[in-house]
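Here is the structure we will look at.
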Amino acid sequence: MVDKVYSVCGMCTVRCPIEVEVENGEVMFIKGNPHDPGMAGALCPRGGAGYALTLDDERPQFPMIRQGERGEGKWKRVSWDEALDYVADRLKGIMDKYGPESVLWSDRGGPFRDLHMAFVRALGSPNYCNHDSSCARNVQHAAKSVMGMGRKDVSYDYKNCRHLVLQTRNIFEAINVKEVNGVLDMKDKGGQLTVIDIRANVSASKADNFMLIRPGTDYA
């Protein structure tokens, strides 16, 4: 018997809602949640690969501690208590020698940032960062300066947009399925799409207006 389990994809930070077909406790197929109008049952290749990830014979199945030197490939299987005690002892040794501010937690972002920040603060370190530091932090500052709120506090209604301008935003080759579906719906309703980019990508091929930028010459 095939059961349908509804969950959230963890293959990237978009966290798309998914429908998983499960038979005898094993995943058989993953697709976008058809009950979410924005997803319409669609899912990006990375999300679909979540099934293959669970079958990867190189995926760690239990905690292990390295034995010997890095790169030798020697590992010892341990319990979760042993693994957590090992990490705690190593962290304590580093903080005793160099101070708690020598510890930094860096992640990809996502729904658990508050937990990660609370953890490093409990250690006495203010050092938490994620990919936004080198990716979207400039957008975050610009959004707060212009609108008084962060970029993630804004909802983008692509579906009902009349004219969408994408500047170096290759949305049709991105991983946010709901955004892509929204732009396609906008196009179906007569909305205009303008793309500004340094290459003729998939988004440019669907644009009503495409402006090809020559790096180093067209900035002004």
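Just so we're on the same page: first chain in the structure tokens is A, next is B, and so on; residues restart at 1 for each chain, and ligands are numbered from 1 in the order they show up.
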Per residue of region 154-178 of chain A within 8 Å of region 9-18 of chain A, note the shortest atom pair and the distance in Å to one decimal, counting only C-alpha atoms, and order the rows by chain and increasing residue number, as CSV.
```
residue,atom,partner,partner_atom,distance
A:Ile175,CA,A:Val14,CA,7.8
A:Asn176,CA,A:Val14,CA,6.4
A:Val177,CA,A:Cys16,CA,7.8
```
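Residues surrounding Val183 (chain A) within 12 Å are Gly38, Tyr156, Asp157, Tyr158, Lys159, Asn160, Cys161, Arg162, His163, Leu164, Val165, Leu166, Asn170, Ile171, Phe172, Asn176, Val177, Lys189, Gly190, Gly191, Gln192, Leu193, Thr194, Ser203, Lys206 and Ala207 of chain A [only C-alpha atoms; sequence separation below 6 positions excluded].
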Practice task
Go through region 83-192 of chain A and collect every residue that DSSP, computed from the backbone, puts in alpha helix (DSSP H); the answer should be as a ChimeraX atom specification.
Solution key: /A:83-98,113-122,137-147,177-188
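Pairwise distance (CA of Glu173 (chain A), CA of Ile213 (chain A)) equals 18.8 Å.
Minimum atom-to-atom distance to Gly32 (chain A), evaluated using only C-alpha atoms, belongs to A:Val8 out of A:Ala49, A:Met64, A:Val195, A:Val8.
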Practice task
Extract, using only C-alpha atoms, all DNA, RNA and protein residues at most 12 Å from Val20 (chain A), discarding same-chain residues fewer than 6 positions from it, and format them as a ChimeraX atom specification.
Solution key: /A:2-9,26-34,41,43,47-48,50-51
Please produce a file of the residues just selected, as a JSON list (two decimals), in the first residue's frame, where the atoms kept are N, CA and C atoms.
```json
[["chain", "number", "residue", "atom", "x", "y", "z"],
["A", 2, "VAL", "N", 0.53, 2.18, -0.87],
["A", 2, "VAL", "CA", 1.29, 3.43, -0.98],
["A", 2, "VAL", "C", 0.62, 4.51, -0.16],
["A", 3, "ASP", "N", 1.36, 5.10, 0.77],
["A", 3, "ASP", "CA", 0.87, 6.21, 1.57],
["A", 3, "ASP", "C", 1.44, 7.51, 1.06],
["A", 4, "LYS", "N", 0.71, 8.59, 1.27],
["A", 4, "LYS", "CA", 1.19, 9.92, 0.91],
["A", 4, "LYS", "C", 1.52, 10.69, 2.17],
["A", 5, "VAL", "N", 2.76, 11.13, 2.26],
["A", 5, "VAL", "CA", 3.23, 11.88, 3.42],
["A", 5, "VAL", "C", 3.58, 13.29, 2.98],
["A", 6, "TYR", "N", 3.08, 14.28, 3.69],
["A", 6, "TYR", "CA", 3.34, 15.67, 3.34],
["A", 6, "TYR", "C", 4.42, 16.23, 4.25],
["A", 7, "SER", "N", 5.39, 16.87, 3.62],
["A", 7, "SER", "CA", 6.53, 17.35, 4.38],
["A", 7, "SER", "C", 7.10, 18.59, 3.69],
["A", 8, "VAL", "N", 8.32, 18.94, 4.06],
["A", 8, "VAL", "CA", 9.02, 20.09, 3.50],
["A", 8, "VAL", "C", 10.38, 19.62, 2.99],
["A", 9, "CYS", "N", 10.74, 20.00, 1.80],
["A", 9, "CYS", "CA", 12.02, 19.60, 1.21],
["A", 9, "CYS", "C", 13.16, 20.29, 1.97],
["A", 26, "GLU", "N", 9.36, 2.97, 2.87],
["A", 26, "GLU", "CA", 10.43, 3.46, 2.00],
["A", 26, "GLU", "C", 9.88, 4.49, 1.02],
["A", 27, "VAL", "N", 10.67, 5.52, 0.78],
["A", 27, "VAL", "CA", 10.28, 6.56, -0.16],
["A", 27, "VAL", "C", 10.31, 6.01, -1.58],
["A", 28, "MET", "N", 9.23, 6.24, -2.33],
["A", 28, "MET", "CA", 9.15, 5.76, -3.71],
["A", 28, "MET", "C", 9.20, 6.92, -4.71],
["A", 29, "PHE", "N", 8.62, 8.07, -4.33],
["A", 29, "PHE", "CA", 8.56, 9.19, -5.27],
["A", 29, "PHE", "C", 8.31, 10.48, -4.49],
["A", 30, "ILE", "N", 8.93, 11.58, -4.95],
["A", 30, "ILE", "CA", 8.75, 12.89, -4.33],
["A", 30, "ILE", "C", 8.33, 13.88, -5.39],
["A", 31, "LYS", "N", 7.32, 14.68, -5.08],
["A", 31, "LYS", "CA", 6.90, 15.75, -5.98],
["A", 31, "LYS", "C", 6.43, 16.93, -5.16],
["A", 32, "GLY", "N", 6.21, 18.06, -5.81],
["A", 32, "GLY", "CA", 5.70, 19.22, -5.12],
["A", 32, "GLY", "C", 4.30, 18.97, -4.61],
["A", 33, "ASN", "N", 3.96, 19.58, -3.49],
["A", 33, "ASN", "CA", 2.64, 19.39, -2.90],
["A", 33, "ASN", "C", 1.55, 19.91, -3.84],
["A", 34, "PRO", "N", 0.69, 19.01, -4.38],
["A", 34, "PRO", "CA", -0.34, 19.45, -5.33],
["A", 34, "PRO", "C", -1.43, 20.30, -4.68],
["A", 41, "GLY", "N", 2.24, 20.74, -7.94],
["A", 41, "GLY", "CA", 2.83, 19.41, -8.09],
["A", 41, "GLY", "C", 4.24, 19.40, -8.62],
["A", 43, "LEU", "N", 8.41, 20.24, -8.83],
["A", 43, "LEU", "CA", 9.55, 20.24, -7.91],
["A", 43, "LEU", "C", 10.83, 20.33, -8.74],
["A", 47, "GLY", "N", 15.26, 18.91, -5.49],
["A", 47, "GLY", "CA", 14.28, 18.35, -4.58],
["A", 47, "GLY", "C", 13.96, 16.91, -4.91],
["A", 48, "GLY", "N", 13.82, 16.63, -6.20],
["A", 48, "GLY", "CA", 13.55, 15.26, -6.62],
["A", 48, "GLY", "C", 14.69, 14.31, -6.27],
["A", 50, "GLY", "N", 16.21, 14.21, -3.59],
["A", 50, "GLY", "CA", 16.18, 13.83, -2.19],
["A", 50, "GLY", "C", 15.98, 12.34, -2.00],
["A", 51, "TYR", "N", 15.25, 11.72, -2.91],
["A", 51, "TYR", "CA", 15.02, 10.28, -2.87],
["A", 51, "TYR", "C", 16.34, 9.52, -3.05]]
```
Exercise for the section: Figure out the distance between CA of Glu58 (chain A) and CA of Arg46 (chain A), please, to one decimal in Å. Expected result: 18.1 Å
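Remark: for Asp36 (chain A), the closest of the candidate residues A:Thr217, A:Ser145, A:Asn181, A:Ser125 is A:Asn181 (distances computed over only C-alpha atoms).
Going from CA of Asp89 (chain A) over to CA of Met117 (chain A), you cover 20.1 Å.
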Problem - Which of region 58-173 of chain A DSSP labels strand (DSSP E), written as a ChimeraX atom specification - result: /A:64-66,75-77,105-107,128-130,163-167
Take the selection from the previous step and output its residues with N, CA and C atoms, as a short mmCIF file (atom, residue, chain, number, x, y, z; two decimals), in the first residue's frame.
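Saved result, out.cif, follows:
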```
data_model
loop_
_atom_site.label_atom_id
_atom_site.label_comp_id
_atom_site.auth_asym_id
_atom_site.auth_seq_id
_atom_site.Cartn_x
_atom_site.Cartn_y
_atom_site.Cartn_z
N MET A 64 30.32 8.71 13.78
CA MET A 64 31.65 8.13 13.69
C MET A 64 32.67 9.17 14.15
N ILE A 65 33.77 8.69 14.71
CA ILE A 65 34.88 9.55 15.12
C ILE A 65 36.13 9.11 14.35
N ARG A 66 36.82 10.09 13.77
CA ARG A 66 38.01 9.77 12.97
C ARG A 66 39.12 9.18 13.85
N TRP A 75 37.80 5.37 10.52
CA TRP A 75 36.71 5.87 11.36
C TRP A 75 36.24 4.79 12.32
N LYS A 76 35.76 5.25 13.47
CA LYS A 76 35.24 4.34 14.48
C LYS A 76 33.78 4.65 14.74
N ARG A 77 32.93 3.64 14.67
CA ARG A 77 31.52 3.84 14.95
C ARG A 77 31.31 4.01 16.46
N TRP A 105 30.04 29.73 14.34
CA TRP A 105 29.06 28.83 13.70
C TRP A 105 28.64 29.48 12.38
N SER A 106 28.83 28.73 11.30
CA SER A 106 28.41 29.23 9.98
C SER A 106 27.53 28.18 9.34
N ASP A 107 26.39 28.60 8.78
CA ASP A 107 25.48 27.65 8.14
C ASP A 107 24.90 28.24 6.86
N TYR A 128 28.25 34.26 14.78
CA TYR A 128 27.36 33.45 13.94
C TYR A 128 27.26 34.15 12.58
N CYS A 129 27.36 33.38 11.51
CA CYS A 129 27.14 33.95 10.18
C CYS A 129 26.61 32.86 9.27
N ASN A 130 26.02 33.27 8.15
CA ASN A 130 25.62 32.30 7.14
C ASN A 130 25.93 32.86 5.76
N HIS A 163 4.46 44.05 -14.93
CA HIS A 163 5.75 44.16 -15.63
C HIS A 163 6.86 43.80 -14.64
N LEU A 164 7.54 42.71 -14.90
CA LEU A 164 8.60 42.23 -14.03
C LEU A 164 9.95 42.50 -14.69
N VAL A 165 10.85 43.15 -13.94
CA VAL A 165 12.21 43.42 -14.42
C VAL A 165 13.18 42.55 -13.64
N LEU A 166 13.91 41.71 -14.33
CA LEU A 166 14.91 40.84 -13.71
C LEU A 166 16.30 41.32 -14.11
N GLN A 167 17.06 41.81 -13.14
CA GLN A 167 18.43 42.24 -13.41
C GLN A 167 19.39 41.22 -12.81
#
```
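Compared by their closest atoms to Asn138 (chain A), and using only C-alpha atoms, the residues A:Ala200, A:Lys187, A:Gly150, A:Ile94 rank with A:Gly150 nearest.
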